[in-house]
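Here's the structure we're looking at; comments come further down.
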Amino acid sequence: MSTETTTTNETATDVDQRGLIDRLTASPFVSRLLSNRLALAGIAIIVAMVVIALYARLFLDLEVITQSQLGTNPNRAAPSLDFPFGTDGQARSLLPRVAYGAWYAMLFGTVTVAASTVLGVGLGIVAAYYSDVTDNVIMRTMDVLLAFPSLLLALALVAIFPDDLGLWRAVAALTLVYTPRFARVVRGAALTVLENEYIDATVALGAADPRVLVRHVLPNCLAPITVQSTLNFGLAIIDLAALSFLGFGAEAGTPSWGLMLSNGVSQGLLTGVWWWSFFPGFFLALTVLGFNLLGDGMRDALDPRMREAVD
Amino acid sequence: MISTRFVLKRLLLLVPVLVGVASLVFSILHLSPGDPALTIAGERASEEFVRQVEESLGLNDPIWVQYGRFLLDAAQFQFGESFIIQRNTAVREVLANKLPVTLELAIYGQLIGISLGIPLGILSAVKQDSITDHLTRIGALAGISVPIFWSGPLLILLFAQVLGWLPTSGRISVLYNVEAIRVTGLVTVDTLIAGNWEMFVSAVRHMILPASVIGVYSMALISRMMRSSMLEVIRQDYMRTARAKGQGSKITVLKHGFRNAMIPVITVIGIQFGGLLGGAVLTETVFAIGGIGTLLVEAIKVGDYPIVQGTVLTFAFLFTLVNLGVDITYSILDPRIEQ
């Protein structure tokens, strides 16, 4: 993306010798993205969440967070100086649990998005390149998967995997649910790229199919793939939490945001214990907002027409 | 305005998708761990009885025979009887009872979403880069980022627990027996038909929070699409021509812009309906409303396979039907699409 769009007259070797940072800042896409304040806010939120997630993973003891603290801490205590987010029904302080939830959201979110991107991109590119039968088989299968409302398909798929997989079965189900979206986007983008003469040239030079696809088609489809992945990240984090919320994800006791919210609704709602729902949900919504802000900014940066004022 | 040929063609195209959908549901259930015969017979049943149940369910037949039978049954919307949740009741009957509950929620949610989302999107586009635009955009982004299972509990805590203005959960006050006046299954309609004003008010008060929670999400998606689609249309030549003719910009926007800008918005409304059905599962759980969403969750948990099959297929069927409606609406808005 960055090298093709550089408008200066440098030769290819000059471009290669410049550092990654220089190349990135020379890209109109990145500079447009960085001049968008909302996208910057999104990046800031995501960075903050990653820091919280890493801190929790490295410095918090998962066993202590998961074990009941009855007798040590006050039970169902409202937020105070000692327990900024209050304590839950087993007297566990909510602050470290919510922080650890960030780690789960980021980890499982990343795996889900990465897996569905790889699967979807592979299927999409292959469908675009080998038209006719292969294309039809792949895309009609994707159509069937797209015929289900996404959360419901995920619910049905979760049932296939054994319970003891915990959050991993939610990851597996959601990967299958998201794959068709990537396949569609990538197939569309790849079909446009395949029209280009440089593809014909590469084929004429005798390049094998995998080389054409990986070296020439894929790099030119990266822009829509990145936008789709970013927007899907937010969705993946919500859907993972939703599956845990409905009882098909994290195992009991796990400090996942969805599970904490489920507890907040089933036990905290009628007793007015607002902090069980408020804090995990706030961090969940904030993280998702961060990814949506960034994804939106990326889309705007790719499509500069949207930024011009009306005449 | 639309040819029957076009509609028929679309309907025919649905058949392979629906066969695929049914096949996927069949495979999901056959891949699932758990033995339906054992579920029905109970853990302590005799070996012989379990065999009997297996025989009666046709579980001993070759897989392709079972598959063929499943497709035939599914085509007639016949899913046998519920194993556990409502033992010995036809799945069709269970679904017929619960479906209106979910539909009512989805319809009110969608109405809120459309009636707020479209005007907000237009306003945002017409006043691009103004304070109104920024607020609407940030609001819409926040709207799609906030999960229903967070906004729901918070609204309950505020309006039901703290302020005490609205009820916490359910569809209508427990004092009333809605089943007695059931006509359509939609409580807000049935209570009106029965002419019972107090019951109607109770039903509406119960609907406000869950429908708003779903509606805000839908509003956010619709206003975003309306804005970007309107921005695209405003730049078209025919819009400039209309303005050049001396037509006021408000009339131009509404008369020429609106219809053309609606096409992508309708797609979003259609796709969004799927999200709405998923959202209904979560909303029903938060507000303790017994629709097909909560039915599905419970059926998966206890292993009531006929119910799972019936619900998942109903959801997919509804969603496909809505998408068909979207296609047909397209061709009304833009007759070129038909060709």
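As shown in the structure tokens, the chain order sets the letters A, B, ...; within each chain, residues go from 1, and ligands are also counted from 1 in the order they appear.
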
Using only C-alpha atoms, determine which residues lie at most 12 Å from Phe108 of chain A, disregarding the query and same-chain residues fewer than 4 positions distant; provide the list as JSON, numbers by chain.
{"A": [53, 101, 102, 103, 104, 112, 113, 114, 115, 166, 167, 168, 169, 170, 171, 172, 174, 175, 233, 234, 236, 237, 238, 239, 240, 241, 249, 250, 256]}

Within 8 Å of chain B: residues of chain A, using only C-alpha atoms, as JSON, numbers by chain:
{"A": [140, 141, 143, 144, 145, 147, 148, 149, 150, 151, 152, 153, 155, 156, 157, 159, 160, 161, 162, 234, 238, 242, 245, 246, 261, 265, 269, 270, 272, 274, 277, 278, 281, 282, 284, 285, 286, 288, 289, 292, 293, 306, 309, 310, 311]}

I'd like to know which residues of segment 79-229 of chain B are alpha helix (DSSP H) (by DSSP, run on the backbone); could you write them as a PyMOL selection string?
chain B and resi 91-126+131-145+148-155+187-193+197-229

Write the residues of the selection above to a file with C-alpha atoms, as a JSON list (two decimals), in the first residue's frame.
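Contents of the output file part-v2.json:
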[["chain", "number", "residue", "atom", "x", "y", "z"],
["B", 91, "VAL", "CA", -42.28, -28.22, 18.01],
["B", 92, "ARG", "CA", -44.49, -26.33, 15.59],
["B", 93, "GLU", "CA", -46.91, -25.54, 18.38],
["B", 94, "VAL", "CA", -44.15, -24.43, 20.76],
["B", 95, "LEU", "CA", -42.72, -22.14, 18.07],
["B", 96, "ALA", "CA", -46.12, -20.73, 17.15],
["B", 97, "ASN", "CA", -46.55, -19.76, 20.80],
["B", 98, "LYS", "CA", -43.16, -18.12, 21.20],
["B", 99, "LEU", "CA", -42.50, -16.59, 17.80],
["B", 100, "PRO", "CA", -44.92, -13.64, 18.15],
["B", 101, "VAL", "CA", -43.12, -12.62, 21.35],
["B", 102, "THR", "CA", -39.81, -12.26, 19.51],
["B", 103, "LEU", "CA", -41.40, -10.71, 16.44],
["B", 104, "GLU", "CA", -43.18, -8.09, 18.52],
["B", 105, "LEU", "CA", -39.91, -7.11, 20.13],
["B", 106, "ALA", "CA", -38.07, -7.04, 16.79],
["B", 107, "ILE", "CA", -40.81, -5.00, 15.10],
["B", 108, "TYR", "CA", -40.94, -2.30, 17.78],
["B", 109, "GLY", "CA", -37.15, -2.21, 17.93],
["B", 110, "GLN", "CA", -36.94, -1.82, 14.16],
["B", 111, "LEU", "CA", -39.66, 0.87, 14.16],
["B", 112, "ILE", "CA", -37.70, 2.90, 16.70],
["B", 113, "GLY", "CA", -34.51, 2.36, 14.72],
["B", 114, "ILE", "CA", -35.98, 3.40, 11.37],
["B", 115, "SER", "CA", -38.00, 6.35, 12.61],
["B", 116, "LEU", "CA", -35.01, 7.87, 14.41],
["B", 117, "GLY", "CA", -32.15, 6.60, 12.26],
["B", 118, "ILE", "CA", -33.31, 7.91, 8.86],
["B", 119, "PRO", "CA", -34.00, 11.55, 9.90],
["B", 120, "LEU", "CA", -30.79, 11.65, 11.96],
["B", 121, "GLY", "CA", -28.76, 10.31, 9.02],
["B", 122, "ILE", "CA", -30.22, 12.88, 6.62],
["B", 123, "LEU", "CA", -29.68, 15.71, 9.10],
["B", 124, "SER", "CA", -26.09, 14.61, 9.61],
["B", 125, "ALA", "CA", -25.40, 14.48, 5.86],
["B", 126, "VAL", "CA", -27.06, 17.80, 5.05],
["B", 131, "ILE", "CA", -21.69, 20.12, 15.49],
["B", 132, "THR", "CA", -24.94, 18.23, 14.80],
["B", 133, "ASP", "CA", -23.09, 15.97, 12.37],
["B", 134, "HIS", "CA", -20.28, 15.24, 14.82],
["B", 135, "LEU", "CA", -22.68, 14.53, 17.67],
["B", 136, "THR", "CA", -24.82, 12.23, 15.54],
["B", 137, "ARG", "CA", -21.79, 10.34, 14.26],
["B", 138, "ILE", "CA", -20.24, 9.89, 17.71],
["B", 139, "GLY", "CA", -23.65, 8.94, 19.09],
["B", 140, "ALA", "CA", -24.13, 6.38, 16.34],
["B", 141, "LEU", "CA", -20.66, 4.91, 16.91],
["B", 142, "ALA", "CA", -21.35, 4.68, 20.63],
["B", 143, "GLY", "CA", -24.71, 3.08, 19.79],
["B", 144, "ILE", "CA", -23.14, 0.20, 17.88],
["B", 145, "SER", "CA", -20.35, -0.22, 20.43],
["B", 148, "ILE", "CA", -27.30, -4.84, 24.58],
["B", 149, "PHE", "CA", -26.43, -6.86, 27.65],
["B", 150, "TRP", "CA", -24.86, -3.77, 29.17],
["B", 151, "SER", "CA", -27.28, -1.02, 28.13],
["B", 152, "GLY", "CA", -30.21, -3.26, 29.10],
["B", 153, "PRO", "CA", -29.19, -3.85, 32.73],
["B", 154, "LEU", "CA", -28.19, -0.20, 33.17],
["B", 155, "LEU", "CA", -31.58, 1.02, 31.90],
["B", 187, "VAL", "CA", -49.53, -8.49, 23.62],
["B", 188, "THR", "CA", -49.82, -4.86, 22.57],
["B", 189, "VAL", "CA", -52.27, -5.88, 19.84],
["B", 190, "ASP", "CA", -54.22, -8.52, 21.78],
["B", 191, "THR", "CA", -54.89, -6.20, 24.68],
["B", 192, "LEU", "CA", -56.24, -3.57, 22.26],
["B", 193, "ILE", "CA", -58.46, -6.14, 20.54],
["B", 197, "TRP", "CA", -57.02, -0.31, 28.29],
["B", 198, "GLU", "CA", -55.23, -1.10, 31.56],
["B", 199, "MET", "CA", -53.72, -4.24, 30.16],
["B", 200, "PHE", "CA", -52.63, -2.37, 27.04],
["B", 201, "VAL", "CA", -50.87, 0.29, 29.10],
["B", 202, "SER", "CA", -49.12, -2.42, 31.11],
["B", 203, "ALA", "CA", -47.98, -4.17, 27.92],
["B", 204, "VAL", "CA", -46.66, -0.91, 26.44],
["B", 205, "ARG", "CA", -44.83, -0.03, 29.66],
["B", 206, "HIS", "CA", -43.14, -3.44, 29.58],
["B", 207, "MET", "CA", -42.18, -2.98, 25.94],
["B", 208, "ILE", "CA", -40.50, 0.45, 26.27],
["B", 209, "LEU", "CA", -37.13, -0.61, 27.70],
["B", 210, "PRO", "CA", -36.44, -3.76, 25.67],
["B", 211, "ALA", "CA", -37.59, -2.16, 22.40],
["B", 212, "SER", "CA", -35.45, 0.93, 23.07],
["B", 213, "VAL", "CA", -32.37, -1.15, 23.78],
["B", 214, "ILE", "CA", -32.77, -2.95, 20.45],
["B", 215, "GLY", "CA", -33.90, 0.23, 18.71],
["B", 216, "VAL", "CA", -30.87, 2.29, 19.68],
["B", 217, "TYR", "CA", -28.56, -0.27, 18.13],
["B", 218, "SER", "CA", -30.61, -0.39, 14.97],
["B", 219, "MET", "CA", -30.89, 3.41, 14.87],
["B", 220, "ALA", "CA", -27.10, 3.72, 15.06],
["B", 221, "LEU", "CA", -26.55, 1.42, 12.08],
["B", 222, "ILE", "CA", -29.30, 2.98, 9.98],
["B", 223, "SER", "CA", -28.24, 6.60, 10.61],
["B", 224, "ARG", "CA", -24.63, 5.79, 9.67],
["B", 225, "MET", "CA", -25.66, 4.22, 6.39],
["B", 226, "MET", "CA", -28.21, 6.96, 5.68],
["B", 227, "ARG", "CA", -25.55, 9.63, 6.21],
["B", 228, "SER", "CA", -22.90, 8.13, 3.95],
["B", 229, "SER", "CA", -25.41, 7.18, 1.28]]

Could you pull the residues within 9 Å of Ala56 of chain A, counting only C-alpha atoms, minus those fewer than 5 positions along the same chain, as a count of residues only?
10

Could you please write out, as number ranges by chain, every residue of segment 28-246 of chain A that DSSP assigns to strand (DSSP E or B)?
A: 70, 73, 87, 93

Keeping only C-alpha atoms, take the residues you just selected and write them out as a compact mmCIF listing (two decimals), in the first residue's frame.
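The result, stored in result-v1.txt:
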# COMPACT_ATOMS: atom_id res chain seq x y z
CA LEU A 70 -15.17 -14.81 51.46
CA ASN A 73 -12.94 -9.18 51.91
CA THR A 87 -16.62 -6.75 45.33
CA SER A 93 -12.43 -7.44 44.25

Quick one: everything within 8 Å of segment 198-203 of chain A, counting only C-alpha atoms, minus sequence neighbours fewer than 6 positions away in the same chain. Send it as a list in words.
Val212, His216 and Val217 of chain A

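Restricting the calculation to only C-alpha atoms, the smallest distance between Leu54 of chain A and any of A:Leu119, A:Leu107, A:Ile21, A:Ala91 is found for A:Leu107.
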
Contacts of Trp275 of chain A at 7 Å or less, counting only C-alpha atoms, minus same-chain residues fewer than 3 places along, as a PyMOL selection string?
chain A and resi 85-86+278-279

Take the residues from that selection and write them out as a PDB file, in the first residue's frame, keeping C-alpha atoms.
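This went into out_1.pdb:
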ATOM      1  CA  PHE A  85     -15.005  -1.369  41.509  1.00  0.00           C
ATOM      2  CA  GLY A  86     -16.595  -3.026  44.568  1.00  0.00           C
ATOM      3  CA  PHE A 278     -21.462  -1.347  35.197  1.00  0.00           C
ATOM      4  CA  PHE A 279     -17.670  -1.856  35.264  1.00  0.00           C
TER       5      PHE A 279
END

In Å and to one decimal, atom CA of Trp276 of chain A is distant from atom CA of Gly264 of chain A by 4.7 Å

Near Leu333 of chain B, counting only C-alpha atoms, which residues have an atom at most 8 Å away, once you skip same-chain residues fewer than 3 positions from it, shown as number ranges by chain?
B: 259-260, 263, 329-330

Dump as a tab-separated table (two decimals), in the first residue's frame, selection limited to C-alpha atoms:
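So selection.tsv came out as:
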chain	number	residue	atom	x	y	z
B	259	ARG	CA	-35.29	7.87	-2.88
B	260	ASN	CA	-31.86	7.26	-4.37
B	263	ILE	CA	-31.23	1.80	-1.61
B	329	THR	CA	-38.06	-3.22	-2.45
B	330	TYR	CA	-34.88	-2.49	-4.40
